[in-house]
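Asker: final-v9.cif is reproduced below (mmCIF, C-alpha atoms; chains and numbers go by the auth columns).
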```
data_target
loop_
_atom_site.group_PDB
_atom_site.id
_atom_site.type_symbol
_atom_site.label_atom_id
_atom_site.label_comp_id
_atom_site.label_asym_id
_atom_site.label_seq_id
_atom_site.Cartn_x
_atom_site.Cartn_y
_atom_site.Cartn_z
_atom_site.B_iso_or_equiv
_atom_site.auth_seq_id
_atom_site.auth_asym_id
ATOM 1 C CA MET A 1 69.843 135.335 144.002 0.00 1 A
ATOM 2 C CA SER A 2 68.011 132.016 144.069 0.00 2 A
ATOM 3 C CA ARG A 3 66.488 130.575 140.924 0.00 3 A
ATOM 4 C CA ALA A 4 62.757 130.698 140.338 0.00 4 A
ATOM 5 C CA ARG A 5 60.838 127.699 141.606 0.00 5 A
ATOM 6 C CA LEU A 6 58.538 125.949 139.115 0.00 6 A
ATOM 7 C CA VAL A 7 55.904 123.260 139.632 0.00 7 A
ATOM 8 C CA VAL A 8 54.788 121.435 136.483 0.00 8 A
ATOM 9 C CA LEU A 9 51.386 119.722 136.201 0.00 9 A
ATOM 10 C CA ALA A 10 51.104 117.011 133.549 0.00 10 A
ATOM 11 C CA SER A 11 48.585 114.424 132.369 0.00 11 A
ATOM 12 C CA GLY A 12 50.241 113.014 129.259 0.00 12 A
ATOM 13 C CA GLY A 13 53.516 112.109 127.651 0.00 13 A
ATOM 14 C CA GLY A 14 55.600 114.848 129.239 0.00 14 A
ATOM 15 C CA ARG A 15 57.158 116.401 126.128 0.00 15 A
ATOM 16 C CA THR A 16 56.471 119.915 127.391 0.00 16 A
ATOM 17 C CA LEU A 17 57.962 119.021 130.771 0.00 17 A
ATOM 18 C CA GLU A 18 61.107 117.764 129.061 0.00 18 A
ATOM 19 C CA ASN A 19 61.349 120.868 126.885 0.00 19 A
ATOM 20 C CA LEU A 20 61.189 123.102 129.956 0.00 20 A
ATOM 21 C CA GLN A 21 63.883 121.090 131.721 0.00 21 A
ATOM 22 C CA GLU A 22 66.067 121.211 128.608 0.00 22 A
ATOM 23 C CA GLN A 23 65.731 124.999 128.572 0.00 23 A
ATOM 24 C CA ILE A 24 66.820 125.083 132.214 0.00 24 A
ATOM 25 C CA LEU A 25 69.799 122.766 131.678 0.00 25 A
ATOM 26 C CA ALA A 26 70.913 124.810 128.662 0.00 26 A
ATOM 27 C CA GLY A 27 70.923 127.966 130.787 0.00 27 A
ATOM 28 C CA ARG A 28 68.143 129.613 128.804 0.00 28 A
ATOM 29 C CA LEU A 29 65.694 129.587 131.712 0.00 29 A
ATOM 30 C CA ASP A 30 66.878 130.680 135.150 0.00 30 A
ATOM 31 C CA ALA A 31 64.667 128.383 137.171 0.00 31 A
ATOM 32 C CA GLU A 32 64.350 124.921 138.653 0.00 32 A
ATOM 33 C CA ILE A 33 61.509 122.418 138.546 0.00 33 A
ATOM 34 C CA VAL A 34 60.948 121.614 142.206 0.00 34 A
ATOM 35 C CA LEU A 35 57.960 119.305 141.713 0.00 35 A
ATOM 36 C CA VAL A 36 56.070 117.464 138.982 0.00 36 A
ATOM 37 C CA VAL A 37 52.421 116.697 139.745 0.00 37 A
ATOM 38 C CA LEU A 38 50.842 113.953 137.637 0.00 38 A
ATOM 39 C CA SER A 39 47.137 113.159 137.378 0.00 39 A
ATOM 40 C CA LYS A 40 47.786 109.396 137.399 0.00 40 A
ATOM 41 C CA SER A 41 50.606 106.870 137.460 0.00 41 A
ATOM 42 C CA GLY A 42 52.016 105.141 134.398 0.00 42 A
ATOM 43 C CA LEU A 43 52.100 108.242 132.212 0.00 43 A
ATOM 44 C CA GLY A 44 54.914 108.986 129.804 0.00 44 A
ATOM 45 C CA ALA A 45 55.455 112.133 131.860 0.00 45 A
ATOM 46 C CA GLU A 46 56.287 109.980 134.871 0.00 46 A
ATOM 47 C CA GLN A 47 58.971 108.139 132.930 0.00 47 A
ATOM 48 C CA ARG A 48 60.420 111.413 131.657 0.00 48 A
ATOM 49 C CA ALA A 49 60.405 113.016 135.098 0.00 49 A
ATOM 50 C CA THR A 50 62.148 109.991 136.595 0.00 50 A
ATOM 51 C CA ARG A 51 64.779 110.016 133.849 0.00 51 A
ATOM 52 C CA LEU A 52 65.343 113.740 134.407 0.00 52 A
ATOM 53 C CA GLY A 53 65.678 113.269 138.161 0.00 53 A
ATOM 54 C CA LEU A 54 62.641 115.394 139.020 0.00 54 A
ATOM 55 C CA PRO A 55 60.470 114.751 142.097 0.00 55 A
ATOM 56 C CA VAL A 56 56.994 113.416 141.299 0.00 56 A
ATOM 57 C CA VAL A 57 53.699 113.209 143.164 0.00 57 A
ATOM 58 C CA ILE A 58 50.488 111.597 141.877 0.00 58 A
ATOM 59 C CA ILE A 59 47.249 113.487 142.570 0.00 59 A
ATOM 60 C CA GLY A 60 44.280 112.509 140.445 0.00 60 A
ATOM 61 C CA LYS A 61 40.950 110.746 140.287 0.00 61 A
ATOM 62 C CA GLU A 62 42.512 107.345 140.955 0.00 62 A
ATOM 63 C CA SER A 63 44.518 108.422 143.992 0.00 63 A
ATOM 64 C CA HIS A 64 41.887 110.895 145.285 0.00 64 A
ATOM 65 C CA PRO A 65 38.398 109.937 143.978 0.00 65 A
ATOM 66 C CA ASP A 66 36.651 112.663 145.982 0.00 66 A
ATOM 67 C CA ARG A 67 36.907 116.016 144.157 0.00 67 A
ATOM 68 C CA SER A 68 37.191 118.169 147.269 0.00 68 A
ATOM 69 C CA GLU A 69 39.880 115.933 148.784 0.00 69 A
ATOM 70 C CA ARG A 70 41.724 115.935 145.473 0.00 70 A
ATOM 71 C CA ASP A 71 41.661 119.724 145.280 0.00 71 A
ATOM 72 C CA GLN A 72 42.875 120.004 148.874 0.00 72 A
ATOM 73 C CA ALA A 73 45.719 117.562 148.235 0.00 73 A
ATOM 74 C CA LEU A 74 46.776 119.430 145.119 0.00 74 A
ATOM 75 C CA LEU A 75 46.796 122.811 146.821 0.00 75 A
ATOM 76 C CA ALA A 76 48.676 121.350 149.791 0.00 76 A
ATOM 77 C CA ALA A 77 51.355 119.982 147.445 0.00 77 A
ATOM 78 C CA LEU A 78 51.662 123.362 145.740 0.00 78 A
ATOM 79 C CA ASP A 79 51.897 125.217 149.038 0.00 79 A
ATOM 80 C CA ALA A 80 54.617 122.846 150.267 0.00 80 A
ATOM 81 C CA ALA A 81 56.622 123.381 147.059 0.00 81 A
ATOM 82 C CA ALA A 82 56.300 127.198 147.346 0.00 82 A
ATOM 83 C CA PRO A 83 56.447 127.817 143.576 0.00 83 A
ATOM 84 C CA ASP A 84 56.987 131.139 141.862 0.00 84 A
ATOM 85 C CA LEU A 85 54.993 129.753 138.925 0.00 85 A
ATOM 86 C CA VAL A 86 52.814 126.710 138.328 0.00 86 A
ATOM 87 C CA LEU A 87 53.004 125.475 134.734 0.00 87 A
ATOM 88 C CA MET A 88 50.248 123.326 133.289 0.00 88 A
ATOM 89 C CA ALA A 89 51.743 121.030 130.655 0.00 89 A
ATOM 90 C CA GLY A 90 48.917 118.995 129.191 0.00 90 A
ATOM 91 C CA TRP A 91 47.089 118.980 132.539 0.00 91 A
ATOM 92 C CA LEU A 92 43.556 117.680 131.928 0.00 92 A
ATOM 93 C CA GLN A 93 41.903 118.441 135.259 0.00 93 A
ATOM 94 C CA LEU A 94 40.291 121.756 136.166 0.00 94 A
ATOM 95 C CA LEU A 95 42.626 123.334 138.690 0.00 95 A
ATOM 96 C CA PRO A 96 41.303 125.159 141.758 0.00 96 A
ATOM 97 C CA ILE A 97 42.905 128.607 141.802 0.00 97 A
ATOM 98 C CA PRO A 98 42.443 130.429 145.099 0.00 98 A
ATOM 99 C CA GLU A 99 43.387 134.080 145.362 0.00 99 A
ATOM 100 C CA ARG A 100 46.945 133.301 146.467 0.00 100 A
ATOM 101 C CA TYR A 101 47.595 131.580 143.121 0.00 101 A
ATOM 102 C CA GLU A 102 45.986 134.154 140.826 0.00 102 A
ATOM 103 C CA GLY A 103 48.580 135.285 138.316 0.00 103 A
ATOM 104 C CA LYS A 104 50.908 132.398 139.215 0.00 104 A
ATOM 105 C CA VAL A 105 49.435 129.590 137.085 0.00 105 A
ATOM 106 C CA LEU A 106 50.182 129.336 133.359 0.00 106 A
ATOM 107 C CA ASN A 107 48.705 127.060 130.720 0.00 107 A
ATOM 108 C CA ILE A 108 49.643 126.409 127.115 0.00 108 A
ATOM 109 C CA HIS A 109 46.902 125.523 124.651 0.00 109 A
ATOM 110 C CA PRO A 110 47.477 124.109 121.128 0.00 110 A
ATOM 111 C CA SER A 111 45.398 126.670 119.235 0.00 111 A
ATOM 112 C CA LEU A 112 45.074 130.413 118.818 0.00 112 A
ATOM 113 C CA LEU A 113 42.526 131.073 121.532 0.00 113 A
ATOM 114 C CA PRO A 114 39.667 131.808 121.672 0.00 114 A
ATOM 115 C CA ALA A 115 39.415 129.520 118.614 0.00 115 A
ATOM 116 C CA TYR A 116 39.215 125.798 119.440 0.00 116 A
ATOM 117 C CA GLY A 117 39.221 126.290 123.199 0.00 117 A
ATOM 118 C CA GLY A 118 37.033 125.202 126.076 0.00 118 A
ATOM 119 C CA ARG A 119 35.798 121.892 127.396 0.00 119 A
ATOM 120 C CA GLY A 120 36.646 118.962 125.113 0.00 120 A
ATOM 121 C CA PHE A 121 39.246 120.854 123.101 0.00 121 A
ATOM 122 C CA TYR A 122 42.621 119.492 124.129 0.00 122 A
ATOM 123 C CA GLY A 123 45.539 117.722 122.497 0.00 123 A
ATOM 124 C CA HIS A 124 44.754 115.910 119.280 0.00 124 A
ATOM 125 C CA HIS A 125 41.068 116.877 119.453 0.00 125 A
ATOM 126 C CA VAL A 126 42.134 120.434 118.649 0.00 126 A
ATOM 127 C CA HIS A 127 44.277 119.437 115.681 0.00 127 A
ATOM 128 C CA GLU A 128 41.541 117.192 114.303 0.00 128 A
ATOM 129 C CA ALA A 129 39.092 120.090 114.412 0.00 129 A
ATOM 130 C CA VAL A 130 41.559 122.437 112.720 0.00 130 A
ATOM 131 C CA ALA A 131 42.182 119.855 109.964 0.00 131 A
ATOM 132 C CA ARG A 132 38.454 119.239 109.536 0.00 132 A
ATOM 133 C CA ASP A 133 37.831 122.970 109.082 0.00 133 A
ATOM 134 C CA ARG A 134 40.801 123.287 106.690 0.00 134 A
ATOM 135 C CA GLN A 135 42.193 126.238 108.544 0.00 135 A
ATOM 136 C CA PRO A 136 45.211 127.914 106.907 0.00 136 A
ATOM 137 C CA ILE A 137 46.695 128.957 110.273 0.00 137 A
ATOM 138 C CA SER A 138 46.925 127.443 113.724 0.00 138 A
ATOM 139 C CA GLY A 139 49.301 127.974 116.609 0.00 139 A
ATOM 140 C CA CYS A 140 49.548 128.015 120.375 0.00 140 A
ATOM 141 C CA THR A 141 48.513 130.275 123.231 0.00 141 A
ATOM 142 C CA VAL A 142 50.158 130.800 126.608 0.00 142 A
ATOM 143 C CA HIS A 143 47.708 132.248 129.096 0.00 143 A
ATOM 144 C CA PHE A 144 47.171 132.656 132.798 0.00 144 A
ATOM 145 C CA ALA A 145 44.870 129.913 134.011 0.00 145 A
ATOM 146 C CA THR A 146 41.582 130.651 135.739 0.00 146 A
ATOM 147 C CA GLU A 147 38.824 128.362 136.950 0.00 147 A
ATOM 148 C CA ALA A 148 37.254 128.321 133.477 0.00 148 A
ATOM 149 C CA TYR A 149 38.765 126.243 130.667 0.00 149 A
ATOM 150 C CA ASP A 150 41.031 128.294 128.359 0.00 150 A
ATOM 151 C CA GLU A 151 39.527 131.664 129.303 0.00 151 A
ATOM 152 C CA GLY A 152 42.356 133.283 131.254 0.00 152 A
ATOM 153 C CA PRO A 153 44.164 136.404 129.995 0.00 153 A
ATOM 154 C CA ILE A 154 46.599 135.730 127.156 0.00 154 A
ATOM 155 C CA VAL A 155 50.325 136.272 127.691 0.00 155 A
ATOM 156 C CA LEU A 156 51.454 135.503 124.154 0.00 156 A
ATOM 157 C CA GLN A 157 50.568 133.514 121.054 0.00 157 A
ATOM 158 C CA GLU A 158 52.582 132.082 118.176 0.00 158 A
ATOM 159 C CA ALA A 159 50.905 131.369 114.838 0.00 159 A
ATOM 160 C CA VAL A 160 52.031 128.786 112.305 0.00 160 A
ATOM 161 C CA LEU A 161 51.104 128.521 108.643 0.00 161 A
ATOM 162 C CA LEU A 162 49.630 125.171 107.683 0.00 162 A
ATOM 163 C CA PRO A 163 50.103 123.355 104.367 0.00 163 A
ATOM 164 C CA ALA A 164 46.976 122.890 102.285 0.00 164 A
ATOM 165 C CA ASP A 165 44.936 119.888 103.501 0.00 165 A
ATOM 166 C CA ALA A 166 47.286 119.317 106.432 0.00 166 A
ATOM 167 C CA GLU A 167 46.504 116.194 108.448 0.00 167 A
ATOM 168 C CA PRO A 168 46.158 116.330 112.253 0.00 168 A
ATOM 169 C CA ASP A 169 49.579 114.742 112.872 0.00 169 A
ATOM 170 C CA ALA A 170 51.306 117.327 110.667 0.00 170 A
ATOM 171 C CA ILE A 171 49.453 120.154 112.394 0.00 171 A
ATOM 172 C CA ALA A 172 50.382 118.737 115.789 0.00 172 A
ATOM 173 C CA ALA A 173 54.087 118.689 114.893 0.00 173 A
ATOM 174 C CA LEU A 174 54.081 122.286 113.673 0.00 174 A
ATOM 175 C CA VAL A 175 52.142 123.537 116.684 0.00 175 A
ATOM 176 C CA PHE A 176 54.306 121.660 119.185 0.00 176 A
ATOM 177 C CA ALA A 177 57.436 123.233 117.691 0.00 177 A
ATOM 178 C CA ALA A 178 55.821 126.623 118.328 0.00 178 A
ATOM 179 C CA GLU A 179 54.910 125.572 121.874 0.00 179 A
ATOM 180 C CA CYS A 180 58.555 124.706 122.574 0.00 180 A
ATOM 181 C CA ARG A 181 59.444 128.331 121.802 0.00 181 A
ATOM 182 C CA ALA A 182 56.433 130.149 123.196 0.00 182 A
ATOM 183 C CA TYR A 183 56.169 128.575 126.645 0.00 183 A
ATOM 184 C CA PRO A 184 59.753 129.271 127.744 0.00 184 A
ATOM 185 C CA ASP A 185 59.474 132.801 126.288 0.00 185 A
ATOM 186 C CA ALA A 186 56.364 133.460 128.368 0.00 186 A
ATOM 187 C CA VAL A 187 57.916 132.017 131.531 0.00 187 A
ATOM 188 C CA ARG A 188 61.059 134.116 131.092 0.00 188 A
ATOM 189 C CA ALA A 189 59.024 137.270 130.537 0.00 189 A
ATOM 190 C CA ILE A 190 56.901 136.726 133.632 0.00 190 A
ATOM 191 C CA LEU A 191 59.835 135.849 135.866 0.00 191 A
ATOM 192 C CA ALA A 192 61.634 138.972 134.650 0.00 192 A
ATOM 193 C CA GLY A 193 58.599 141.139 135.401 0.00 193 A
ATOM 194 C CA GLU A 194 58.211 142.067 131.745 0.00 194 A
ATOM 195 C CA ALA A 195 54.708 140.561 131.594 0.00 195 A
ATOM 196 C CA ARG A 196 52.505 140.817 134.668 0.00 196 A
ATOM 197 C CA TRP A 197 49.044 139.834 135.870 0.00 197 A
ATOM 198 C CA VAL A 198 47.269 143.031 136.891 0.00 198 A
ATOM 199 C CA ALA A 199 43.657 142.825 138.046 0.00 199 A
ATOM 200 C CA GLY A 200 42.881 139.897 135.750 0.00 200 A
ATOM 201 C CA GLN A 201 44.695 141.286 132.714 0.00 201 A
ATOM 202 C CA VAL A 202 48.189 140.907 131.244 0.00 202 A
ATOM 203 C CA CYS A 203 50.342 144.014 131.149 0.00 203 A
ATOM 204 C CA TRP A 204 53.573 144.008 129.120 0.00 204 A
ATOM 205 C CA SER A 205 56.325 146.549 129.543 0.00 205 A
ATOM 206 C CA GLU A 206 56.671 148.477 126.301 0.00 206 A
ATOM 207 C CA THR A 207 60.332 147.616 125.770 0.00 207 A
ATOM 208 C CA ALA A 208 59.745 143.904 126.422 0.00 208 A
ATOM 209 C CA ALA A 209 56.841 143.732 123.985 0.00 209 A
ATOM 210 C CA ASP A 210 58.854 145.478 121.270 0.00 210 A
ATOM 211 C CA GLY A 211 61.835 143.178 121.796 0.00 211 A
ATOM 212 C CA LEU A 212 59.747 140.016 121.717 0.00 212 A
ATOM 213 C CA SER A 213 58.018 141.161 118.525 0.00 213 A
ATOM 214 C CA ARG A 214 61.367 141.776 116.774 0.00 214 A
ATOM 215 C CA SER A 215 62.766 138.400 117.880 0.00 215 A
ATOM 216 C CA ARG A 216 59.932 136.374 116.357 0.00 216 A
#
```
Can I see the file as C-alpha cells?
Answerer:
Amino acid sequence: MSRARLVVLASGGGRTLENLQEQILAGRLDAEIVLVVLSKSGLGAEQRATRLGLPVVIIGKESHPDRSERDQALLAALDAAAPDLVLMAGWLQLLPIPERYEGKVLNIHPSLLPAYGGRGFYGHHVHEAVARDRQPISGCTVHFATEAYDEGPIVLQEAVLLPADAEPDAIAALVFAAECRAYPDAVRAILAGEARWVAGQVCWSETAADGLSRSR
C-alpha cells in the first residue's frame, strides 16, 4: 500500500514543516511530503525544504500579483501533486477551497479556538494577545480549513498551562511544543479514518477518541 501524499503550505520559518518531515523519517507518520508550496522566496521554510530534499514551488503575491491567477496557480499545483491531505503550516494567505478539497485541508492555529482566532491573529500576534490578557491557559488547535479564517471544524486541541505573567516568547515555546505533538496526531487520525469530515463536521470513531484521550 502506497504512503499518503502530503502537500505542505508555508509562509514562515518552516519549523512545522521540519517537524512533520521528522515524524515521517522516524516512522511515526506513514506519509510522504510530495510538495512544499511557499508564499514567497527567501523564507526560512525554503531553506529547510531544500535541506530536507523536498520539492518546492513559489506561489504568492510576488510571483502572481493577480489574486485570481494566484488562486488558479495554487489549485493547479495541488491538483498536479494529487495530495491525500494539504497541510497549512504557517500559511498566511486565504486558500481557495473548492468542493474537491473540502475535508482535505488542515490548518494548525496557535491558540484554543475560537479564542484569539480570525483575521490578524497569527503567529506572535496571538501570543502577544494572550500575554496581554494574562491568560492562565493557551494551546493549539488543528482544524479543517474553510474559506473563512480559523472557522473550520476542529479536529483536536491541546491546552498548555502558562506560568504567571508569561511573556510572549515563553508562551510561543510552550504552544509550539504542543503543536509538534498535536499536528502529527491529527494527521495520523485522519489518514487512518479515525477522524473524518462529514458534512462540514468532524466525526471521531469512539475507540479512537478514547485512545487519544488516554494517551494525552
Asker: Within 12 Å of segment 24-30 of chain A, counting all atoms listed in the file, which residues show up once you throw out same-chain ones fewer than 4 positions away? Write them as a count of residues only, please.
Answerer: 23
Asker: Dump as a PyMOL selection string all residues having an atom at most 12 Å from (47.6, 117.4, 110.1), computed in the file's coordinates with all atoms listed in the file.
Answerer: chain A and resi 124-138+161-175
Asker: Report as a PDB file with C-alpha atoms, in the frame of the given file all protein, DNA and RNA residues lying within 10 Å of Ile59 of chain A, evaluated on all atoms listed in the file, omitting residues in the same chain fewer than 2 positions from it.
Answerer:
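Once everything was written out, this is out_3.pdb:
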```
ATOM      1  CA  LEU A   9      51.386 119.722 136.201  1.00  0.00           C
ATOM      2  CA  VAL A  37      52.421 116.697 139.745  1.00  0.00           C
ATOM      3  CA  LEU A  38      50.842 113.953 137.637  1.00  0.00           C
ATOM      4  CA  SER A  39      47.137 113.159 137.378  1.00  0.00           C
ATOM      5  CA  LYS A  40      47.786 109.396 137.399  1.00  0.00           C
ATOM      6  CA  SER A  41      50.606 106.870 137.460  1.00  0.00           C
ATOM      7  CA  VAL A  56      56.994 113.416 141.299  1.00  0.00           C
ATOM      8  CA  VAL A  57      53.699 113.209 143.164  1.00  0.00           C
ATOM      9  CA  LYS A  61      40.950 110.746 140.287  1.00  0.00           C
ATOM     10  CA  GLU A  62      42.512 107.345 140.955  1.00  0.00           C
ATOM     11  CA  SER A  63      44.518 108.422 143.992  1.00  0.00           C
ATOM     12  CA  HIS A  64      41.887 110.895 145.285  1.00  0.00           C
ATOM     13  CA  PRO A  65      38.398 109.937 143.978  1.00  0.00           C
ATOM     14  CA  GLU A  69      39.880 115.933 148.784  1.00  0.00           C
ATOM     15  CA  ARG A  70      41.724 115.935 145.473  1.00  0.00           C
ATOM     16  CA  ASP A  71      41.661 119.724 145.280  1.00  0.00           C
ATOM     17  CA  ALA A  73      45.719 117.562 148.235  1.00  0.00           C
ATOM     18  CA  LEU A  74      46.776 119.430 145.119  1.00  0.00           C
ATOM     19  CA  ALA A  77      51.355 119.982 147.445  1.00  0.00           C
TER      20      ALA A  77
END
```
Asker: Suppose a student applies the PyMOL selection byres ((chain A and resi 144) around 8) to this structure; what residues should they get, written as a PyMOL selection string?
Answerer: chain A and resi 103-107+142-143+145-146+152-155
Asker: Can you work out which one of A:Glu99, A:Phe176, A:Val86, A:Val7 has the shortest atom-to-atom distance to Gly123 of chain A, counting all atoms listed in the file?
Answerer: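 The answer is A:Phe176, which sits nearest to Gly123 of chain A.
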Asker: Could you work out an axis-aligned box for segment 118-127 of chain A, taking every atom the file lists and adding 4 Å on each side, and report centre and edge lengths in Å to one decimal, as JSON?
Answerer:
```
{"center_x": 40.7, "center_y": 120.6, "center_z": 121.5, "size_x": 17.7, "size_y": 17.3, "size_z": 19.7}
```
